[in-house]
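Listing of structure-v3.csv, CSV, C-alpha atoms (C1' of nucleotides)
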chain,number,residue,atom,x,y,z
A,1,MET,CA,-10.7,60.0,-18.5
A,2,LYS,CA,-14.0,61.5,-17.3
A,3,PRO,CA,-13.9,64.8,-15.4
A,4,GLY,CA,-13.8,64.8,-11.6
A,5,THR,CA,-11.4,61.9,-11.5
A,6,GLU,CA,-8.7,61.5,-9.0
A,7,ALA,CA,-5.9,63.2,-10.9
A,8,THR,CA,-7.9,66.5,-11.4
A,9,ASP,CA,-10.5,66.5,-8.7
A,10,PRO,CA,-9.7,69.5,-6.4
A,11,LEU,CA,-11.8,67.8,-3.7
A,12,ALA,CA,-9.9,64.5,-3.8
A,13,LEU,CA,-8.8,63.5,-0.3
A,14,ASP,CA,-5.2,62.9,-1.5
A,15,HIS,CA,-4.9,66.5,-2.6
A,16,GLN,CA,-5.8,68.1,0.7
A,17,VAL,CA,-2.9,69.3,2.7
A,18,CYS,CA,-5.2,69.6,5.7
A,19,PHE,CA,-5.9,65.9,5.4
A,20,ALA,CA,-2.2,65.0,5.2
A,21,LEU,CA,-1.6,67.3,8.2
A,22,SER,CA,-4.2,65.8,10.5
A,23,ILE,CA,-3.2,62.2,9.6
A,24,ALA,CA,0.5,62.9,10.1
A,25,SER,CA,-0.2,64.6,13.4
A,26,ARG,CA,-2.2,61.8,14.7
A,27,ALA,CA,0.1,59.1,13.3
A,28,VAL,CA,3.2,60.7,14.9
A,29,ILE,CA,1.5,61.3,18.2
A,30,GLY,CA,0.5,57.6,18.0
A,31,LEU,CA,4.2,56.7,18.0
A,32,TYR,CA,4.7,58.6,21.2
A,33,ARG,CA,1.8,56.9,23.0
A,34,PRO,CA,3.6,53.7,24.0
A,35,LEU,CA,6.7,55.7,25.1
A,36,LEU,CA,4.7,58.1,27.1
A,37,LYS,CA,2.5,55.5,28.8
A,38,PRO,CA,5.2,54.4,31.3
A,39,LEU,CA,5.4,58.1,32.4
A,40,GLY,CA,1.6,58.3,32.7
A,41,LEU,CA,1.5,61.2,30.2
A,42,THR,CA,-0.6,61.9,27.2
A,43,HIS,CA,1.1,63.8,24.3
A,44,PRO,CA,-0.5,67.2,25.2
A,45,GLN,CA,0.6,66.6,28.8
A,46,TYR,CA,4.1,65.8,27.5
A,47,LEU,CA,4.2,69.1,25.6
A,48,ALA,CA,3.1,71.0,28.7
A,49,MET,CA,5.9,69.3,30.6
A,50,LEU,CA,8.4,70.3,27.9
A,51,ALA,CA,7.2,73.9,28.2
A,52,LEU,CA,7.6,73.8,32.0
A,53,TRP,CA,11.1,72.2,31.9
A,54,GLN,CA,12.1,75.0,29.7
A,55,HIS,CA,10.3,78.0,31.2
A,56,GLU,CA,9.0,77.2,34.7
A,57,PRO,CA,7.3,78.9,36.4
A,58,LEU,CA,4.4,79.6,34.0
A,59,SER,CA,0.9,80.9,34.3
A,60,VAL,CA,-2.0,79.3,32.4
A,61,LYS,CA,-2.0,82.1,30.0
A,62,GLU,CA,1.7,81.9,29.3
A,63,LEU,CA,1.5,78.2,28.8
A,64,GLY,CA,-1.4,78.7,26.5
A,65,GLU,CA,0.6,81.1,24.4
A,66,LEU,CA,3.5,78.7,24.2
A,67,LEU,CA,1.4,75.7,23.3
A,68,GLN,CA,-1.2,77.6,21.4
A,69,LEU,CA,-4.0,76.2,23.5
A,70,ASP,CA,-7.0,77.6,25.1
A,71,PRO,CA,-7.0,78.1,28.9
A,72,ALA,CA,-10.2,76.0,28.9
A,73,THR,CA,-8.1,73.1,27.5
A,74,LEU,CA,-5.2,73.6,29.9
A,75,SER,CA,-7.1,74.1,33.1
A,76,PRO,CA,-8.2,70.4,33.4
A,77,LEU,CA,-5.0,69.1,31.9
A,78,LEU,CA,-3.0,70.9,34.6
A,79,LYS,CA,-5.1,69.5,37.3
A,80,ARG,CA,-4.3,66.0,35.9
A,81,LEU,CA,-0.6,66.8,35.9
A,82,GLN,CA,-1.0,67.9,39.5
A,83,ALA,CA,-2.9,64.7,40.4
A,84,LEU,CA,0.1,62.8,38.9
A,85,GLY,CA,2.3,64.7,41.2
A,86,TYR,CA,4.3,66.4,38.5
A,87,VAL,CA,3.3,70.0,39.0
A,88,GLU,CA,1.9,72.4,41.6
A,89,ARG,CA,-0.7,75.0,41.1
A,90,ASN,CA,-0.5,78.0,43.4
A,91,ARG,CA,-2.1,81.4,43.1
A,92,SER,CA,0.4,84.2,42.6
A,93,SER,CA,0.9,86.3,45.7
A,94,THR,CA,1.1,89.5,43.8
A,95,ASP,CA,-1.9,88.8,41.5
A,96,GLU,CA,-4.4,86.4,42.9
A,97,ARG,CA,-5.9,86.0,39.4
A,98,THR,CA,-2.9,84.2,37.9
A,99,LEU,CA,-1.8,80.7,38.7
A,100,ALA,CA,1.9,79.9,39.2
A,101,ILE,CA,2.5,76.5,37.8
A,102,THR,CA,5.7,74.9,39.0
A,103,LEU,CA,7.3,71.5,38.9
A,104,THR,CA,7.5,69.2,41.8
A,105,PRO,CA,10.8,67.4,42.5
A,106,GLU,CA,9.1,64.3,40.9
A,107,GLY,CA,8.2,66.4,37.8
A,108,ARG,CA,11.8,67.6,37.6
A,109,ARG,CA,13.1,64.0,37.9
A,110,LEU,CA,10.9,63.0,35.0
A,111,ARG,CA,12.9,65.1,32.6
A,112,ALA,CA,15.7,62.5,32.6
A,113,GLU,CA,13.2,59.8,31.4
A,114,ALA,CA,11.8,62.2,28.8
A,115,GLU,CA,15.2,62.8,27.3
A,116,LYS,CA,15.1,59.2,25.9
A,117,ILE,CA,12.0,59.9,23.9
A,118,PRO,CA,13.0,62.2,21.0
A,119,PRO,CA,15.9,60.0,19.9
A,120,ALA,CA,13.7,56.9,20.1
A,121,ILE,CA,11.1,58.6,17.9
A,122,THR,CA,13.6,59.7,15.2
A,123,ALA,CA,15.1,56.3,15.2
A,124,ARG,CA,11.7,54.7,14.8
A,125,LEU,CA,10.8,57.0,12.0
A,126,GLY,CA,14.0,56.2,10.2
A,127,LEU,CA,14.0,59.4,8.1
A,128,ASP,CA,17.0,61.4,7.0
A,129,PRO,CA,17.7,64.0,9.8
A,130,GLY,CA,18.1,66.6,7.1
A,131,ASP,CA,14.7,65.8,5.6
A,132,LEU,CA,13.1,65.9,9.1
A,133,HIS,CA,14.7,69.3,9.6
A,134,ASP,CA,13.4,70.6,6.3
A,135,LEU,CA,9.9,69.4,7.2
A,136,HIS,CA,10.2,71.1,10.5
A,137,GLN,CA,11.1,74.4,8.8
A,138,ALA,CA,8.3,74.0,6.3
A,139,LEU,CA,5.8,73.4,9.1
A,140,THR,CA,7.1,76.5,10.9
A,141,ARG,CA,6.6,78.6,7.7
A,142,LEU,CA,3.1,77.1,7.4
A,143,ILE,CA,2.2,78.0,11.0
A,144,ALA,CA,3.5,81.6,10.3
A,145,ALA,CA,1.3,81.7,7.2
A,146,THR,CA,-1.8,80.9,9.2
A,147,ARG,CA,-1.0,83.8,11.5
A,148,ASP,CA,-0.5,86.5,8.8
A,149,THR,CA,-3.6,88.5,7.8
B,1,MET,CA,26.4,79.6,27.2
B,2,LYS,CA,25.3,77.2,29.9
B,3,PRO,CA,24.2,73.7,28.8
B,4,GLY,CA,20.6,72.9,28.4
B,5,THR,CA,20.0,76.2,26.6
B,6,GLU,CA,17.6,76.6,23.7
B,7,ALA,CA,20.1,76.0,20.9
B,8,THR,CA,21.2,72.6,22.2
B,9,ASP,CA,18.4,71.3,24.4
B,10,PRO,CA,16.9,68.2,22.7
B,11,LEU,CA,13.8,68.7,24.7
B,12,ALA,CA,13.2,72.3,23.7
B,13,LEU,CA,9.7,72.8,22.4
B,14,ASP,CA,10.9,74.5,19.2
B,15,HIS,CA,12.9,71.4,18.3
B,16,GLN,CA,10.0,69.0,18.4
B,17,VAL,CA,8.6,68.1,15.0
B,18,CYS,CA,5.6,66.6,16.8
B,19,PHE,CA,4.9,70.0,18.4
B,20,ALA,CA,5.1,71.8,15.0
B,21,LEU,CA,2.9,69.1,13.5
B,22,SER,CA,0.1,69.5,16.1
B,23,ILE,CA,0.2,73.3,16.1
B,24,ALA,CA,0.2,73.3,12.3
B,25,SER,CA,-2.7,70.9,12.1
B,26,ARG,CA,-4.8,72.8,14.5
B,27,ALA,CA,-3.9,76.2,13.0
B,28,VAL,CA,-4.8,75.0,9.5
B,29,ILE,CA,-8.0,73.4,10.6
B,30,GLY,CA,-8.8,76.7,12.3
B,31,LEU,CA,-8.7,78.4,9.0
B,32,TYR,CA,-11.4,76.0,7.7
B,33,ARG,CA,-13.7,76.6,10.6
B,34,PRO,CA,-15.3,79.9,9.4
B,35,LEU,CA,-15.6,78.5,5.9
B,36,LEU,CA,-17.2,75.2,7.1
B,37,LYS,CA,-19.5,76.8,9.6
B,38,PRO,CA,-22.1,78.0,6.9
B,39,LEU,CA,-22.2,74.3,5.8
B,40,GLY,CA,-22.8,73.2,9.3
B,41,LEU,CA,-19.7,70.9,9.2
B,42,THR,CA,-16.7,70.4,11.4
B,43,HIS,CA,-13.4,69.6,9.8
B,44,PRO,CA,-13.5,65.8,10.4
B,45,GLN,CA,-17.1,65.8,9.0
B,46,TYR,CA,-15.8,67.7,6.0
B,47,LEU,CA,-13.1,65.0,5.4
B,48,ALA,CA,-15.8,62.3,5.7
B,49,MET,CA,-17.9,64.2,3.1
B,50,LEU,CA,-14.8,64.4,0.8
B,51,ALA,CA,-14.4,60.6,1.1
B,52,LEU,CA,-18.0,60.0,0.3
B,53,TRP,CA,-18.1,62.4,-2.7
B,54,GLN,CA,-15.2,60.4,-4.0
B,55,HIS,CA,-16.1,56.9,-3.1
B,56,GLU,CA,-19.8,56.6,-2.1
B,57,PRO,CA,-21.1,54.2,-1.0
B,58,LEU,CA,-18.8,53.3,1.9
B,59,SER,CA,-19.0,51.2,5.0
B,60,VAL,CA,-17.8,52.5,8.4
B,61,LYS,CA,-14.8,50.2,8.1
B,62,GLU,CA,-13.9,51.5,4.6
B,63,LEU,CA,-14.3,55.1,5.7
B,64,GLY,CA,-12.2,54.4,8.7
B,65,GLU,CA,-9.4,53.1,6.5
B,66,LEU,CA,-9.6,56.1,4.2
B,67,LEU,CA,-9.6,58.6,7.0
B,68,GLN,CA,-7.4,56.6,9.4
B,69,LEU,CA,-10.1,56.9,12.1
B,70,ASP,CA,-11.5,54.4,14.5
B,71,PRO,CA,-15.0,53.1,14.0
B,72,ALA,CA,-15.7,54.4,17.5
B,73,THR,CA,-15.0,57.9,16.2
B,74,LEU,CA,-16.9,57.6,13.0
B,75,SER,CA,-20.1,56.1,14.4
B,76,PRO,CA,-21.3,59.2,16.2
B,77,LEU,CA,-19.9,61.5,13.5
B,78,LEU,CA,-21.9,59.8,10.9
B,79,LYS,CA,-25.1,60.0,13.0
B,80,ARG,CA,-24.5,63.8,13.1
B,81,LEU,CA,-24.0,63.9,9.3
B,82,GLN,CA,-27.3,62.0,9.0
B,83,ALA,CA,-29.0,64.4,11.4
B,84,LEU,CA,-27.8,67.2,9.2
B,85,GLY,CA,-29.5,65.5,6.3
B,86,TYR,CA,-26.3,64.9,4.3
B,87,VAL,CA,-26.0,61.1,4.5
B,88,GLU,CA,-28.1,58.0,4.9
B,89,ARG,CA,-27.1,55.0,7.0
B,90,ASN,CA,-28.6,51.7,5.9
B,91,ARG,CA,-27.6,48.1,6.8
B,92,SER,CA,-26.4,46.2,3.8
B,93,SER,CA,-28.9,43.7,2.5
B,94,THR,CA,-26.2,41.1,1.8
B,95,ASP,CA,-24.4,41.5,5.1
B,96,GLU,CA,-26.4,43.0,8.0
B,97,ARG,CA,-23.3,43.8,10.0
B,98,THR,CA,-22.0,46.4,7.5
B,99,LEU,CA,-23.5,49.8,7.1
B,100,ALA,CA,-24.0,51.3,3.7
B,101,ILE,CA,-23.3,55.1,4.0
B,102,THR,CA,-24.7,57.0,1.1
B,103,LEU,CA,-25.2,60.7,0.3
B,104,THR,CA,-28.6,62.3,0.2
B,105,PRO,CA,-29.5,64.7,-2.7
B,106,GLU,CA,-28.8,67.5,-0.2
B,107,GLY,CA,-25.4,65.9,0.6
B,108,ARG,CA,-24.6,65.7,-3.1
B,109,ARG,CA,-25.6,69.4,-3.6
B,110,LEU,CA,-23.2,70.4,-0.9
B,111,ARG,CA,-20.3,69.5,-3.0
B,112,ALA,CA,-20.7,72.6,-5.2
B,113,GLU,CA,-20.4,74.7,-2.0
B,114,ALA,CA,-17.4,72.7,-0.8
B,115,GLU,CA,-15.5,73.3,-4.1
B,116,LYS,CA,-15.0,76.9,-3.1
B,117,ILE,CA,-13.1,76.0,0.0
B,118,PRO,CA,-9.7,74.7,-1.1
B,119,PRO,CA,-8.9,77.7,-3.3
B,120,ALA,CA,-10.1,80.0,-0.5
B,121,ILE,CA,-7.7,78.3,1.9
B,122,THR,CA,-4.7,78.4,-0.4
B,123,ALA,CA,-5.4,82.0,-1.1
B,124,ARG,CA,-5.6,82.7,2.6
B,125,LEU,CA,-2.3,80.9,3.3
B,126,GLY,CA,-0.6,82.8,0.5
B,127,LEU,CA,2.2,80.3,0.1
B,128,ASP,CA,3.9,79.4,-3.1
B,129,PRO,CA,1.9,76.5,-4.6
B,130,GLY,CA,5.2,74.6,-5.3
B,131,ASP,CA,6.2,74.9,-1.6
B,132,LEU,CA,2.7,73.7,-0.6
B,133,HIS,CA,3.1,70.7,-2.9
B,134,ASP,CA,6.5,69.9,-1.5
B,135,LEU,CA,5.1,70.1,2.0
B,136,HIS,CA,2.3,67.7,1.0
B,137,GLN,CA,4.8,65.2,-0.3
B,138,ALA,CA,7.0,65.5,2.8
B,139,LEU,CA,3.9,64.8,5.0
B,140,THR,CA,3.0,61.9,2.8
B,141,ARG,CA,6.5,60.4,3.3
B,142,LEU,CA,6.3,61.1,7.0
B,143,ILE,CA,3.0,59.2,7.2
B,144,ALA,CA,4.5,56.3,5.3
B,145,ALA,CA,7.4,56.3,7.8
B,146,THR,CA,5.1,55.9,10.7
B,147,ARG,CA,3.6,52.8,9.1
B,148,ASP,CA,6.9,51.0,8.3
B,149,THR,CA,8.0,48.6,11.0
C,1,DC,C1',-12.9,106.5,46.6
C,2,DA,C1',-16.3,104.2,43.8
C,3,DC,C1',-17.6,102.3,39.5
C,4,DT,C1',-16.6,100.3,35.4
C,5,DA,C1',-13.6,97.9,32.2
C,6,DA,C1',-10.3,94.6,31.6
C,7,DT,C1',-7.9,90.3,32.8
C,8,DA,C1',-7.0,85.3,34.4
C,9,DA,C1',-9.0,81.0,35.4
C,10,DT,C1',-12.7,78.1,35.5
C,11,DT,C1',-17.0,76.0,34.0
C,12,DT,C1',-20.3,74.3,30.6
C,13,DG,C1',-21.4,72.2,26.3
C,14,DT,C1',-20.4,70.0,21.8
C,15,DG,C1',-17.4,67.3,19.0
C,16,DT,C1',-13.5,64.6,18.1
C,17,DA,C1',-9.9,60.7,19.2
C,18,DC,C1',-8.9,56.3,20.9
C,19,DA,C1',-8.8,52.1,24.1
C,20,DA,C1',-11.7,48.5,25.8
C,21,DA,C1',-15.9,46.1,26.2
C,22,DT,C1',-20.3,44.8,24.0
C,23,DT,C1',-23.6,43.3,20.5
C,24,DA,C1',-25.1,41.2,16.4
C,25,DA,C1',-24.2,38.8,12.2
C,26,DT,C1',-21.4,35.8,9.4
C,27,DC,C1',-18.0,32.4,8.7
C,28,DT,C1',-15.4,28.0,9.6
C,29,DA,C1',-14.7,23.5,11.3
C,30,DC,C1',-16.1,19.6,12.6
D,1,DG,C1',-26.0,21.8,11.0
D,2,DT,C1',-24.1,23.8,15.0
D,3,DA,C1',-20.4,25.5,18.3
D,4,DG,C1',-16.8,28.6,18.3
D,5,DA,C1',-14.1,32.1,16.1
D,6,DT,C1',-14.2,36.4,13.3
D,7,DT,C1',-16.0,40.5,11.8
D,8,DA,C1',-18.7,45.2,11.7
D,9,DA,C1',-20.7,48.6,14.5
D,10,DT,C1',-21.9,50.5,18.6
D,11,DT,C1',-21.3,51.7,23.4
D,12,DT,C1',-18.6,53.3,27.4
D,13,DG,C1',-15.0,55.9,29.5
D,14,DT,C1',-11.1,59.2,29.5
D,15,DA,C1',-8.9,63.1,27.5
D,16,DC,C1',-8.2,66.8,24.4
D,17,DA,C1',-10.0,71.2,21.7
D,18,DC,C1',-12.6,75.1,21.4
D,19,DA,C1',-16.7,78.4,21.8
D,20,DA,C1',-19.3,80.8,25.2
D,21,DA,C1',-20.6,82.0,29.7
D,22,DT,C1',-19.1,82.7,34.6
D,23,DT,C1',-16.3,84.1,38.6
D,24,DA,C1',-12.8,86.5,40.9
D,25,DT,C1',-9.4,89.9,40.9
D,26,DT,C1',-7.0,93.9,39.4
D,27,DA,C1',-6.6,98.2,36.8
D,28,DG,C1',-8.4,102.6,35.2
D,29,DT,C1',-11.3,106.6,35.1
D,30,DG,C1',-13.9,110.3,36.7
Show how you would write the structure in this file as structure tokens.
Amino acid sequence: MKPGTEATDPLALDHQVCFALSIASRAVIGLYRPLLKPLGLTHPQYLAMLALWQHEPLSVKELGELLQLDPATLSPLLKRLQALGYVERNRSSTDERTLAITLTPEGRRLRAEAEKIPPAITARLGLDPGDLHDLHQALTRLIAATRDT
Amino acid sequence: MKPGTEATDPLALDHQVCFALSIASRAVIGLYRPLLKPLGLTHPQYLAMLALWQHEPLSVKELGELLQLDPATLSPLLKRLQALGYVERNRSSTDERTLAITLTPEGRRLRAEAEKIPPAITARLGLDPGDLHDLHQALTRLIAATRDT
DNA sequence: CACTAATAATTTGTGTACAAATTAATCTAC
DNA sequence: GTAGATTAATTTGTACACAAATTATTAGTG
């Protein structure tokens, strides 16, 4: 077997964890797409709604820390959620720099619809719940590893 | 403990594998960014180069199957790789519809630089190689699960 | 109190992602 | 052999993602 072949090539696509990660991320998000479409949400918007259902009210900065996203990404995303009628964006009265993002009644109602999504996804994946939990923990450790110096 | 609290809430951010996946993917790609910058490459462009180093020549369609990306995403990406001087794009002589994407000498030279990247990343992550391998396998199973009906 | 530094959002610019429409070439039937 | 279906890329339009610059407000210091 000549050198640089699939089994030994350190640059082989199939050896790259970063490749498996990006494919897996896009593939899983792709499963959400048809479920989120009736709600009018993209996946990042769905994650923002999860954060708000859990921690409302939030500032752009706080939401960015929760979702690990830049304010520059969230700013237009939140305007779209507002245009959909799911959130309100009001300047804080105590600090005019920060935005208080809150849910509208419509946005709060949406939570009941969203609760159907996680079980639909796990059913669709058809993986052992224990394996899925192990994967979640492994991903959490990986995320922690990217943060350590 | 009131219902809907972190430990039991099925919509809690920290329970969503899709959330861990997208964060992990972006976080890991973020580690590549400073290493790829000297080469003038983004991470998707790096993956395309990996595919070409392994399988050149490739058509847009074939590259899309390898990277699981839409031709609409690859078309402009490949033009950027061409502008960088790393690839050539020529219509196939036997079928004028398909594009033959090949590496330039400069693109081939780049491989030597790229070989330094994977070990630098794994060193930076500082994870047990066995754990990393397990994660890779778990991701591969997950990707397969998204494809099954 | 005034002046500067720091902070929170937004804006701008580049590069993915992906759906949908378009264009050009090839294939298939008849 | 040609009309119609198929296929390969590209284009168009919307929405992230992130770096860098900008704006507006607050905090800190002399």
_If we draw a sphere of 10 Å around (6.5, 74.1, 10.7), which residues have at least one atom in it when counting all atoms listed in the file? Please report them as a list in words._
His133, Asp134, Leu135, His136, Gln137, Ala138, Leu139, Thr140, Arg141, Leu142, Ile143, Ala144 and Ala145 of chain A; Asp14, Gln16, Val17, Cys18, Phe19, Ala20, Leu21, Ser22, Ile23, Ala24, Ser25 and Leu135 of chain B
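The spacing separating atom CA of A:Ala83 from atom CA of A:Gly40 amounts to 11.0 Å.
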_Who sits within 10 Å of A:Ser59, only C-alpha atoms (C1' of nucleotides), same chain under 3 positions skipped, as JSON, numbers by chain_ = {"A": [56, 62, 63, 64, 65, 71, 89, 90, 91, 92, 97, 98, 99, 100, 101, 102], "C": [8, 9]}
*By how many Å are atom C1' of D:DA15 and atom C1' of C:DT23 apart?*
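The value is 25.6 Å.
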Each chain D residue no farther than 9 Å from chain B, nearest pair in Å, only C-alpha atoms (C1' of nucleotides), as JSON lines:
{"residue": "D:DT7", "atom": "C1'", "partner": "B:Arg97", "partner_atom": "CA", "distance": 8.2}
{"residue": "D:DA8", "atom": "C1'", "partner": "B:Arg97", "partner_atom": "CA", "distance": 5.1}
{"residue": "D:DA9", "atom": "C1'", "partner": "B:Arg97", "partner_atom": "CA", "distance": 7.1}
{"residue": "D:DT10", "atom": "C1'", "partner": "B:Ser75", "partner_atom": "CA", "distance": 7.2}
{"residue": "D:DT11", "atom": "C1'", "partner": "B:Ala72", "partner_atom": "CA", "distance": 8.6}
*Excluding stretch 113-118 of chain B and any residue of its chain fewer than 5 positions from it, enumerate the residues within 9 Å of it, using only C-alpha atoms (C1' of nucleotides), and give them as a ChimeraX atom specification.*
/A:10-11,16 /B:32,35-36,39,46,50,123
Pull out every residue of chain C that has at least one atom within 10 Å of chain A, counting only C-alpha atoms (C1' of nucleotides), and report them as a PDB file with C-alpha atoms (C1' of nucleotides), in the frame of the given file.
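Done, and the output landed in selection-v3.pdb:
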ATOM      1  C1'  DT C   7      -7.900  90.300  32.800  1.00  0.00           C
ATOM      2  C1'  DA C   8      -7.000  85.300  34.400  1.00  0.00           C
ATOM      3  C1'  DA C   9      -9.000  81.000  35.400  1.00  0.00           C
ATOM      4  C1'  DT C  10     -12.700  78.100  35.500  1.00  0.00           C
ATOM      5  C1'  DT C  11     -17.000  76.000  34.000  1.00  0.00           C
ATOM      6  C1'  DA C  17      -9.900  60.700  19.200  1.00  0.00           C
ATOM      7  C1'  DC C  18      -8.900  56.300  20.900  1.00  0.00           C
TER       8       DC C  18
END
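Rounded to one decimal, atom CA of A:Gly107 and atom CA of A:Arg124 lie 26.0 Å from each other.
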_If we count all atoms listed in the file and set the cut-off at 10 Å, which residues sit around C:DA5, ignoring sequence neighbours fewer than 6 positions away in its own chain? Please answer as a ChimeraX atom specification._
/D:27-29
*Using only C-alpha atoms, which of the listed residues (B:Leu103, B:Leu81, B:Leu41, B:Ala51) sits closest to chain A?*
B:Ala51
*Find, counting all atoms listed in the file, the residue in A:Leu52, A:Ala12, A:Ala120, A:Leu77 that gets nearest to chain B.*
A:Ala12
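Taking all atoms listed in the file into account, chain B lies nearest to A:Gln68 out of the set A:Thr73, A:Gln68, A:Thr42, A:Thr8.
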*With all atoms listed in the file as the basis for distance, which of B:Pro119, B:Gly85, B:Pro105, B:Pro38 is at the shortest distance from chain A?*
B:Pro119
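Between chain B and the candidates A:Asp148, A:Glu88, A:Asp70, A:Glu106, the tightest atom-to-atom separation, counting only C-alpha atoms, involves A:Asp148.
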